[in-house]
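Next comes data.tsv, a file with TSV, C-alpha atoms and all ligand atoms.
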chain	number	residue	atom	x	y	z
Y	1	MET	CA	117.26	116.71	151.08
Y	2	GLY	CA	118.95	113.37	151.47
Y	3	ASN	CA	122.31	112.14	150.41
Y	4	ALA	CA	122.13	109.49	147.72
Y	5	GLY	CA	125.75	108.54	148.10
Y	6	THR	CA	128.54	108.87	145.60
Y	7	ALA	CA	128.89	107.33	142.20
Y	8	GLY	CA	131.65	106.73	139.72
Y	9	ASN	CA	131.61	107.71	136.09
Y	10	GLY	CA	130.72	104.35	134.61
Y	11	GLY	CA	129.80	103.67	131.02
Y	12	SER	CA	126.40	104.09	129.52
Y	13	GLU	CA	123.44	101.81	129.71
Y	14	ALA	CA	120.15	102.22	127.93
Y	15	GLY	CA	121.64	105.43	126.51
Y	16	ALA	CA	121.26	107.20	129.81
Y	17	GLY	CA	124.83	107.62	130.98
Y	18	LYS	CA	125.14	105.31	133.94
Y	19	ALA	CA	127.11	106.68	136.86
Y	20	GLY	CA	127.72	103.84	139.30
Y	21	THR	CA	124.34	103.25	140.94
Y	22	LEU	CA	122.95	106.43	139.40
Y	23	PHE	CA	121.89	107.22	135.83
Y	24	ARG	CA	122.39	110.63	134.35
Y	25	VAL	CA	119.37	112.18	132.62
Y	26	SER	CA	118.71	115.53	131.02
Y	27	PRO	CA	116.76	118.22	132.93
Y	28	TYR	CA	114.77	118.65	129.69
Y	29	MET	CA	113.10	115.33	130.44
Y	30	VAL	CA	111.27	116.85	133.39
Y	31	ILE	CA	107.81	117.70	132.08
Y	32	PRO	CA	105.83	120.07	134.30
Y	33	SER	CA	102.52	118.68	135.60
Y	34	ARG	CA	103.67	115.07	135.22
Y	35	VAL	CA	104.35	112.74	138.09
Y	36	GLY	CA	107.49	110.66	137.95
Y	37	GLY	CA	107.68	107.25	139.58
Y	38	PHE	CA	111.31	107.98	140.35
Y	39	SER	CA	113.30	110.34	142.56
Y	40	LEU	CA	115.56	112.91	140.93
Y	41	TYR	CA	118.93	113.88	142.33
Y	42	LEU	CA	121.28	116.77	141.74
Y	43	LYS	CA	125.03	116.53	141.98
Y	44	GLN	CA	126.62	118.95	144.41
Y	45	ASP	CA	130.36	118.61	144.64
Y	46	ASP	CA	130.77	114.86	145.12
Y	47	ASN	CA	127.36	114.26	146.64
Y	48	TYR	CA	124.00	113.48	145.13
Y	49	VAL	CA	121.15	115.34	146.81
Y	50	LEU	CA	117.45	114.69	146.45
Y	51	TYR	CA	115.78	117.23	144.18
Y	52	ALA	CA	112.30	115.80	143.61
Y	53	GLU	CA	110.83	112.90	145.51
Y	54	LYS	CA	109.28	109.86	143.83
Y	55	GLY	CA	105.56	110.44	143.19
Y	56	GLU	CA	105.92	114.23	143.47
Y	57	LEU	CA	104.30	116.36	140.77
Y	58	PHE	CA	106.90	118.18	138.67
Y	59	THR	CA	105.92	121.81	138.45
Y	60	ASP	CA	106.93	124.79	136.32
Y	61	ALA	CA	108.76	126.01	139.42
Y	62	HIS	CA	110.87	122.83	139.39
Y	63	LYS	CA	111.78	123.40	135.79
Y	64	GLU	CA	112.50	127.12	136.19
Y	65	ARG	CA	114.68	126.46	139.20
Y	66	LEU	CA	116.71	123.94	137.21
Y	67	SER	CA	117.41	126.40	134.43
Y	68	ARG	CA	118.11	129.22	136.93
Y	69	LEU	CA	120.65	127.00	138.65
Y	70	GLY	CA	122.15	126.09	135.27
Y	71	VAL	CA	121.72	122.38	136.04
Y	72	GLU	CA	122.98	120.28	133.14
Y	73	HIS	CA	122.35	116.83	134.55
Y	74	LEU	CA	119.94	115.13	136.87
Y	75	TYR	CA	120.44	111.68	138.30
Y	76	ILE	CA	118.19	108.70	138.90
Y	77	LYS	CA	118.95	105.67	141.05
Y	78	SER	CA	119.36	102.49	139.06
Y	79	GLU	CA	116.49	100.79	140.91
Y	80	ASP	CA	114.22	103.59	139.63
Y	81	TYR	CA	115.47	103.35	136.03
Y	82	SER	CA	112.60	101.18	134.77
Y	83	PHE	CA	110.13	103.79	136.10
Y	84	TYR	CA	112.05	106.51	134.28
Y	85	ALA	CA	112.04	104.45	131.06
Y	86	ARG	CA	108.28	104.01	131.45
Y	87	TYR	CA	107.82	107.75	132.04
Y	88	VAL	CA	109.77	108.60	128.88
Y	89	GLN	CA	107.78	106.02	126.88
Y	90	ASP	CA	104.47	107.35	128.18
Y	91	ASN	CA	105.41	110.93	127.41
Y	92	ILE	CA	107.46	110.40	124.28
Y	93	GLN	CA	105.06	112.18	121.94
Y	94	ASP	CA	105.08	115.35	124.08
Y	95	LEU	CA	108.86	115.22	124.40
Y	96	LEU	CA	109.43	114.74	120.66
Y	97	ASP	CA	106.99	117.54	119.77
Y	98	ASP	CA	108.43	120.04	122.25
Y	99	GLU	CA	110.32	122.58	120.15
Y	100	SER	CA	111.80	124.16	123.28
Y	101	ILE	CA	113.88	121.00	123.82
Y	102	PRO	CA	117.03	120.85	121.68
Y	103	VAL	CA	116.80	118.16	118.98
Y	104	ARG	CA	119.86	116.48	120.47
Y	105	GLU	CA	118.03	115.99	123.79
Y	106	ARG	CA	114.92	114.76	122.05
Y	107	ALA	CA	117.05	112.28	120.13
Y	108	ARG	CA	118.48	111.07	123.42
Y	109	ALA	CA	114.99	110.65	124.90
Y	110	TRP	CA	113.85	108.80	121.79
Y	111	ASN	CA	116.86	106.52	122.04
Y	112	ASP	CA	116.22	105.86	125.76
Y	113	ALA	CA	112.60	104.93	125.08
Y	114	THR	CA	113.39	102.83	122.02
Y	115	VAL	CA	116.25	100.94	123.63
Y	116	ALA	CA	113.99	100.02	126.58
Y	117	VAL	CA	111.24	98.72	124.27
Y	118	ALA	CA	113.61	96.90	121.90
Y	119	ARG	CA	115.69	95.38	124.68
Y	120	GLU	CA	112.53	93.94	126.21
Y	121	ALA	CA	111.36	92.52	122.87
Y	122	PHE	CA	114.71	90.76	122.36
Y	123	ASP	CA	115.04	89.55	125.96
Y	124	ARG	CA	115.25	85.76	125.91
Y	125	ASN	CA	114.97	85.60	129.68
Y	126	LEU	CA	111.38	86.76	129.56
Y	127	PRO	CA	108.90	83.90	129.36
Y	128	GLY	CA	107.45	82.71	126.08
Y	129	ASN	CA	107.47	84.20	122.63
Y	130	ILE	CA	107.28	87.92	122.11
Y	131	ASP	CA	103.83	88.67	123.46
Y	132	LYS	CA	101.09	91.03	122.34
Y	133	ARG	CA	101.94	93.63	124.98
Y	134	ARG	CA	105.57	93.93	123.90
Y	135	PHE	CA	104.55	93.94	120.25
Y	136	ARG	CA	101.99	96.75	120.83
Y	137	LYS	CA	104.63	98.78	122.65
Y	138	ILE	CA	106.90	98.67	119.59
Y	139	GLN	CA	104.00	99.54	117.30
Y	140	THR	CA	102.93	102.50	119.46
Y	141	LEU	CA	106.44	103.83	119.83
Y	142	ILE	CA	107.11	103.69	116.08
Y	143	ALA	CA	103.78	105.37	115.32
Y	144	LYS	CA	104.67	108.20	117.71
Y	145	SER	CA	108.17	108.48	116.23
Y	146	LEU	CA	107.30	108.96	112.54
Y	147	LYS	CA	107.13	112.75	112.62
Y	148	PHE	CA	110.39	113.07	114.54
Y	149	LEU	CA	112.20	110.53	112.35
Y	150	ALA	CA	111.17	112.51	109.26
Y	151	ARG	CA	113.42	115.40	110.37
Y	152	GLU	CA	116.87	115.56	108.81
Y	153	ASP	CA	118.33	117.06	111.98
Y	154	ALA	CA	116.84	114.23	114.06
Y	155	LEU	CA	118.60	111.55	112.03
Y	156	ARG	CA	121.83	113.52	112.30
Y	157	GLU	CA	121.53	113.52	116.11
Y	158	LEU	CA	120.26	109.95	116.31
Y	159	ALA	CA	123.23	108.65	114.32
Y	160	ARG	CA	125.49	108.98	117.36
Y	161	PHE	CA	123.25	106.59	119.34
Y	162	ILE	CA	122.05	104.07	116.80
Y	163	THR	CA	125.45	103.24	115.33
Y	164	GLU	CA	126.74	101.96	118.68
Y	165	GLY	CA	126.76	98.44	120.11
Y	166	HIS	CA	126.69	94.88	118.83
Y	167	GLU	CA	123.52	93.57	120.39
Y	168	LEU	CA	120.80	92.24	118.12
Y	169	PHE	CA	118.28	94.80	119.38
Y	170	GLN	CA	120.70	97.66	118.60
Y	171	HIS	CA	121.04	96.42	115.00
Y	172	GLY	CA	117.22	96.19	114.90
Y	173	ILE	CA	116.81	99.80	116.00
Y	174	ALA	CA	119.32	101.13	113.45
Y	175	VAL	CA	117.80	99.14	110.59
Y	176	MET	CA	114.35	100.37	111.63
Y	177	VAL	CA	115.45	104.03	111.62
Y	178	LEU	CA	117.17	103.74	108.24
Y	179	THR	CA	114.30	101.78	106.68
Y	180	ILE	CA	111.71	104.31	107.87
Y	181	SER	CA	113.89	107.19	106.68
Y	182	VAL	CA	114.29	105.74	103.18
Y	183	LEU	CA	110.65	104.65	102.99
Y	184	GLY	CA	109.65	108.17	104.02
Y	185	THR	CA	111.14	109.50	100.78
Y	186	PHE	CA	108.31	107.90	98.80
Y	187	VAL	CA	105.43	106.70	101.03
Y	188	ARG	CA	105.49	109.25	103.83
Y	189	GLU	CA	101.72	109.76	103.82
Y	190	ASP	CA	101.00	106.07	104.42
Y	191	ALA	CA	101.57	105.99	108.20
Y	192	ASP	CA	100.12	102.48	108.64
Y	193	LEU	CA	102.58	101.04	106.13
Y	194	MET	CA	105.47	102.95	107.72
Y	195	VAL	CA	104.61	101.52	111.14
Y	196	SER	CA	104.12	97.94	109.87
Y	197	VAL	CA	107.43	98.02	108.03
Y	198	GLY	CA	109.14	99.76	110.95
Y	199	VAL	CA	108.06	96.96	113.29
Y	200	GLY	CA	109.23	94.35	110.76
Y	201	ALA	CA	112.59	96.14	110.44
Y	202	MET	CA	113.03	96.27	114.21
Y	203	LEU	CA	112.22	92.55	114.60
Y	204	HIS	CA	113.71	91.26	111.33
Y	205	ASP	CA	116.47	89.21	112.99
Y	206	ILE	CA	114.49	88.05	116.03
Y	207	GLY	CA	114.63	84.46	114.73
Y	208	LYS	CA	118.37	84.46	115.49
Y	209	LEU	CA	117.43	84.21	119.17
Y	210	GLU	CA	116.28	80.65	118.50
Y	211	LEU	CA	119.75	79.54	117.35
Y	212	PRO	CA	123.01	78.92	119.25
Y	213	GLN	CA	124.59	82.38	119.34
Y	214	GLU	CA	128.15	81.14	118.80
Y	215	ILE	CA	127.49	80.32	115.13
Y	216	PHE	CA	127.03	84.05	114.47
Y	217	ARG	CA	130.44	84.78	115.96
Y	218	ARG	CA	132.31	82.32	113.71
Y	219	ARG	CA	133.71	83.00	110.25
Y	220	PRO	CA	131.29	81.86	107.53
Y	221	ASP	CA	134.00	79.70	105.89
Y	222	GLY	CA	134.41	77.76	109.15
Y	223	LEU	CA	130.77	76.73	109.33
Y	224	SER	CA	129.48	73.31	108.32
Y	225	GLN	CA	126.69	73.04	105.75
Y	226	GLN	CA	124.29	72.20	108.55
Y	227	GLU	CA	125.27	75.36	110.44
Y	228	LYS	CA	124.91	77.47	107.30
Y	229	ASP	CA	121.43	76.03	106.85
Y	230	MET	CA	120.62	76.87	110.47
Y	231	ILE	CA	121.60	80.49	109.88
Y	232	LYS	CA	119.46	80.59	106.77
Y	233	SER	CA	116.49	79.41	108.80
Y	234	HIS	CA	116.40	82.55	110.99
Y	235	PRO	CA	113.83	84.48	108.88
Y	236	ALA	CA	111.35	81.58	109.11
Y	237	LEU	CA	112.14	81.10	112.82
Y	238	GLY	CA	111.41	84.81	113.33
Y	239	VAL	CA	107.99	84.47	111.73
Y	240	GLY	CA	107.38	81.45	113.98
Y	241	LEU	CA	108.27	83.45	117.11
Y	242	CYS	CA	105.72	86.07	116.13
Y	243	SER	CA	103.04	83.60	115.06
Y	244	SER	CA	100.73	84.37	117.98
Y	245	LEU	CA	100.72	88.09	117.21
Y	246	PRO	CA	98.25	90.02	115.08
Y	247	LEU	CA	100.98	90.77	112.55
Y	248	PRO	CA	100.19	92.84	109.49
Y	249	GLN	CA	101.21	91.16	106.24
Y	250	GLU	CA	103.92	93.78	105.64
Y	251	THR	CA	105.58	93.09	108.99
Y	252	LEU	CA	105.57	89.38	108.28
Y	253	GLN	CA	107.09	89.87	104.83
Y	254	CYS	CA	109.84	92.07	106.27
Y	255	ILE	CA	110.86	89.35	108.72
Y	256	LEU	CA	110.62	86.52	106.20
Y	257	PHE	CA	112.19	88.18	103.16
Y	258	HIS	CA	114.92	90.43	104.55
Y	259	HIS	CA	117.66	88.26	102.99
Y	260	GLU	CA	116.14	88.07	99.51
Y	261	ARG	CA	118.08	89.72	96.71
Y	262	GLU	CA	117.06	91.60	93.57
Y	263	ASP	CA	118.82	89.03	91.35
Y	264	GLY	CA	117.28	86.02	93.13
Y	265	THR	CA	120.48	85.02	94.97
Y	266	GLY	CA	118.96	85.54	98.44
Y	267	TYR	CA	117.03	83.29	100.79
Y	268	PRO	CA	114.70	81.70	101.88
Y	269	SER	CA	112.66	81.83	98.65
Y	270	GLY	CA	115.21	83.08	96.09
Y	271	ALA	CA	112.53	85.44	94.75
Y	272	THR	CA	113.72	88.07	92.27
Y	273	GLY	CA	113.13	91.83	92.44
Y	274	GLU	CA	109.85	91.90	90.55
Y	275	LEU	CA	108.28	89.70	93.25
Y	276	LEU	CA	109.56	91.71	96.20
Y	277	PRO	CA	107.58	94.67	97.59
Y	278	SER	CA	109.50	97.96	97.54
Y	279	TYR	CA	109.55	98.14	101.35
Y	280	VAL	CA	111.30	94.75	101.50
Y	281	LYS	CA	113.89	96.08	99.03
Y	282	VAL	CA	114.50	99.05	101.31
Y	283	LEU	CA	114.88	96.77	104.32
Y	284	THR	CA	117.31	94.33	102.64
Y	285	LEU	CA	119.49	97.27	101.67
Y	286	CYS	CA	119.43	98.99	105.07
Y	287	ASN	CA	120.09	95.64	106.78
Y	288	GLU	CA	123.17	95.04	104.63
Y	289	TYR	CA	124.41	98.60	105.13
Y	290	ASP	CA	124.10	98.28	108.92
Y	291	ASN	CA	125.75	94.84	108.92
Y	292	LEU	CA	128.74	96.21	107.00
Y	293	THR	CA	129.16	99.35	109.09
Y	294	ARG	CA	128.34	97.92	112.53
Y	295	GLY	CA	130.87	95.06	112.76
Y	296	PRO	CA	133.17	93.65	113.68
Y	297	ALA	CA	131.07	90.72	112.50
Y	298	ALA	CA	132.60	87.28	112.23
Y	299	GLY	CA	135.26	87.23	109.57
Y	300	ARG	CA	134.93	90.76	108.29
Y	301	LYS	CA	136.09	94.17	109.34
Y	302	THR	CA	133.91	97.17	110.02
Y	303	LEU	CA	133.48	99.42	107.01
Y	304	THR	CA	132.98	103.19	106.97
Y	305	PRO	CA	129.65	104.39	105.50
Y	306	PHE	CA	131.45	105.29	102.26
Y	307	GLU	CA	133.15	101.88	102.02
Y	308	ALA	CA	129.90	100.07	102.79
Y	309	LEU	CA	127.95	101.97	100.14
Y	310	THR	CA	130.75	101.38	97.64
Y	311	ARG	CA	130.66	97.65	98.42
Y	312	ILE	CA	126.89	97.56	98.01
Y	313	LYS	CA	127.15	99.49	94.75
Y	314	GLN	CA	129.63	96.92	93.46
Y	315	SER	CA	127.10	94.15	94.05
Y	316	ARG	CA	124.41	96.24	92.47
Y	317	SER	CA	122.53	93.37	90.83
Y	318	ALA	CA	121.62	92.25	94.37
Y	319	TYR	CA	119.98	95.57	95.33
Y	320	ASP	CA	117.50	97.95	93.78
Y	321	PRO	CA	119.53	100.89	92.35
Y	322	GLU	CA	116.67	103.34	92.96
Y	323	MET	CA	116.49	102.39	96.65
Y	324	LEU	CA	120.28	102.61	96.92
Y	325	LYS	CA	120.11	106.15	95.53
Y	326	ARG	CA	117.52	107.01	98.16
Y	327	LEU	CA	119.58	105.50	100.97
Y	328	ILE	CA	122.65	107.49	99.87
Y	329	ALA	CA	120.55	110.68	99.81
Y	330	VAL	CA	119.18	110.02	103.31
Y	331	LEU	CA	122.65	109.29	104.73
Y	332	SER	CA	124.13	112.34	103.02
Y	333	LYS	CA	121.49	114.73	104.35
Y	334	ALA	CA	122.14	113.38	107.83
Y	335	ASP	CA	125.90	113.96	107.32
Y	336	ILE	CA	126.54	110.24	107.74
Y	337	ALA	CA	127.92	109.57	104.24
Y	338	PRO	CA	129.17	111.76	101.36
Y	339	PHE	CA	126.74	112.66	98.58
Y	340	THR	CA	128.63	110.81	95.87
Y	341	VAL	CA	129.56	107.18	96.24
Y	401	FE	FE	118.98	88.46	109.07
Y	402	FE	FE	119.95	91.93	110.18
Take the structure I supplied and represent it as C-alpha cells, if you would.
Amino acid sequence: MGNAGTAGNGGSEAGAGKAGTLFRVSPYMVIPSRVGGFSLYLKQDDNYVLYAEKGELFTDAHKERLSRLGVEHLYIKSEDYSFYARYVQDNIQDLLDDESIPVRERARAWNDATVAVAREAFDRNLPGNIDKRRFRKIQTLIAKSLKFLAREDALRELARFITEGHELFQHGIAVMVLTISVLGTFVREDADLMVSVGVGAMLHDIGKLELPQEIFRRRPDGLSQQEKDMIKSHPALGVGLCSSLPLPQETLQCILFHHEREDGTGYPSGATGELLPSYVKVLTLCNEYDNLTRGPAAGRKTLTPFEALTRIKQSRSAYDPEMLKRLIAVLSKADIAPFTV
C-alpha cells in the first residue's frame, strides 16, 4: 500500500468530485472481472492509500471487501482520470443496466461518461473539425443511454447534474436529455430516430464555436446588426463543422433548424410549423427551456422551471402546444416542474 498524498476538497470536474489531485468516484463503479487502467485509492484519516493497482483485475473479492468496509468513496489520481472516463464509457451499458446499483449512482456514471464525450466534441483545442471518431462516440453513447433515459427516476436523478454549468457542452447535454425524453413519449420504438435526434440536440449549438465568444456574453440590444447576423449564422456554421461526417438527415435538420419557430418568426429559413418535423419542434422547445432556466445569459435573468414554462406558454404561437404539453408532463414526472403551468 502506498501513500498517494493528501488532497483538499476542491470543486467538481467532469462530475466526479475533484479533490485536489484526486477525483472521488463511487465504489459502485468497480465492476468485477474488468481491468481498470487507473489505480484506486481509499481515504484513511487524512491519507490516501492504494487499494487496487493500475492494470489489476477487479474481482468480486474487491467489491465485497469494499462493502464490508462500508467504503463510500474511492479516489483516482487526476493523471489517471482520462483512463477512468474511458473505462466508464466502455462499460456504460453494464453500469446502466445493473439494478444492484442505485439509480443515483448510475446517473452519476452516465453524467461522467457523457460529460467526457461532450467536452471532447466541443473542444476547440483539438485539431480540425469534429471528426468521425468523436461523432461515433456520441452516437454510441446515446444509443446505449436510451433505455436508462426512458426511466422517470433516472431523469429525476440526472436533473441535479445536467442543470449545472454554463459551458456550451453542458447546455448540449441538457437539451439532448430533454429532447430524448419528450421524443420518447411518442416515438420510443424508433431507436434510430431517437439517436439521430439526440446527436443533433447535443451538437445543435456547435456552430457557436466558430464565432467570437464575447458576442454571446453581451446584451442583445448592444449588438450591431452585423453581430446579430453573425449569431444567426451559427446553425449553418454548425452544419459546416459537421460536413465531413456521415450525418443522418435528422441530425442535420436538428442543427440547422433549432431556431425556427412554429409561426415562422425563427431563423435561418423562417419556415412555419407545417414544414418542420416534429422532432425539430421538440428540440426548439427544449432548447428555449434550457436557455431560460440555465442563465444567467447576456441581458436576462435565470428563470425557474415554472417561470420558463409560463414564458414559453405566453409566446405559444412560436411553439407547438402539443409538444409543450409533453415537455411539461416530462418535467413534472421528474419533479422538475409542477404539473400545471
Ligand atoms: Fe442555437
Ligand atoms: Fe442552444
Discussion item. I'd like to know which of Y:Leu241, Y:Ile328, Y:Ile312, Y:Leu42 is closest to Y:Leu292, using all atoms listed in the file.
Written reply: Y:Ile312
Worksheet item: Using only C-alpha atoms, which residue out of Y:Glu274, Y:Glu72, Y:Gln44, Y:Glu322 lies closest to Y:Phe186?
Response: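 Once distances to Y:Phe186 are computed over only C-alpha atoms, the minimum belongs to Y:Glu322.
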Distance table requested - chain Y against ligand FE 401 (chain Y), cut-off 8 Å, all atoms listed in the file: one row per qualifying residue with the closest atom pair and its distance in Å to one decimal, ordered by chain and rising residue number, as JSON lines.
{"residue": "Y:His204", "atom": "CA", "partner": "Y:FE401", "partner_atom": "FE", "distance": 6.4}
{"residue": "Y:Asp205", "atom": "CA", "partner": "Y:FE401", "partner_atom": "FE", "distance": 4.7}
{"residue": "Y:Lys208", "atom": "CA", "partner": "Y:FE401", "partner_atom": "FE", "distance": 7.6}
{"residue": "Y:His234", "atom": "CA", "partner": "Y:FE401", "partner_atom": "FE", "distance": 6.7}
{"residue": "Y:Pro235", "atom": "CA", "partner": "Y:FE401", "partner_atom": "FE", "distance": 6.5}
{"residue": "Y:His258", "atom": "CA", "partner": "Y:FE401", "partner_atom": "FE", "distance": 6.4}
{"residue": "Y:His259", "atom": "CA", "partner": "Y:FE401", "partner_atom": "FE", "distance": 6.2}
{"residue": "Y:Asn287", "atom": "CA", "partner": "Y:FE401", "partner_atom": "FE", "distance": 7.6}
Discussion item. Could you list the protein, DNA and RNA residues that have any atom within 12 Å of ligand FE 402 (chain Y), counting all atoms listed in the file, and write them as number ranges by chain?
Written reply: Y: 166-176, 179, 200-208, 216, 231-232, 234-235, 238, 254-260, 283-295, 297
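For stretch 21-36 of chain Y, the set of protein, DNA and RNA residues having any atom at most 8 Å away, when counting all atoms listed in the file and skipping those fewer than 6 positions along the same chain, is Y:Ala7, Y:Lys54, Y:Gly55, Y:Glu56, Y:Leu57, Y:Phe58, Y:Thr59, Y:Asp60, Y:His62, Y:Lys63, Y:Leu66, Y:Val71, Y:Glu72, Y:His73, Y:Leu74, Y:Tyr75, Y:Ile76, Y:Lys77, Y:Ser78, Y:Tyr81, Y:Phe83, Y:Tyr84, Y:Tyr87, Y:Val88, Y:Leu95, Y:Ile101, Y:Glu105, Y:Ala109.
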Practice prompt. Rounded to one decimal place, report the atom CA of Y:Arg326-atom CA of Y:Arg151 distance in Å.
Written response: 15.4 Å
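Nearest residue to Y:Thr140, choosing from Y:Ser181, Y:Asp153, Y:Thr310, Y:Ala191 and counting all atoms listed in the file: Y:Ala191.
Restricting the calculation to all atoms listed in the file, the smallest distance between Y:Asp192 and any of Y:Arg86, Y:Lys325, Y:Arg217, Y:Lys144 is found for Y:Lys144.
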Item to complete: Select, from Y:Phe38, Y:Trp110, Y:Tyr279, Y:Phe339, the residue with the minimum atom-to-atom distance to Y:Phe161, counting only C-alpha atoms.
Response: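 Ranking Y:Phe38, Y:Trp110, Y:Tyr279, Y:Phe339 by distance to Y:Phe161, first place goes to Y:Trp110.
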Discussion item. With distances taken over all atoms listed in the file, which residue among Y:Val117, Y:Ile180, Y:Leu96, Y:Val282 lies nearest Y:Arg261?
Written reply: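 Using all atoms listed in the file, Y:Arg261 sits closest to Y:Val282.
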Worksheet entry | For atom CA of Y:Glu189 and atom CA of Y:Arg156, the interatomic separation in Å (one decimal) |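 Between atom CA of Y:Glu189 and atom CA of Y:Arg156 the gap works out to 22.1 Å.
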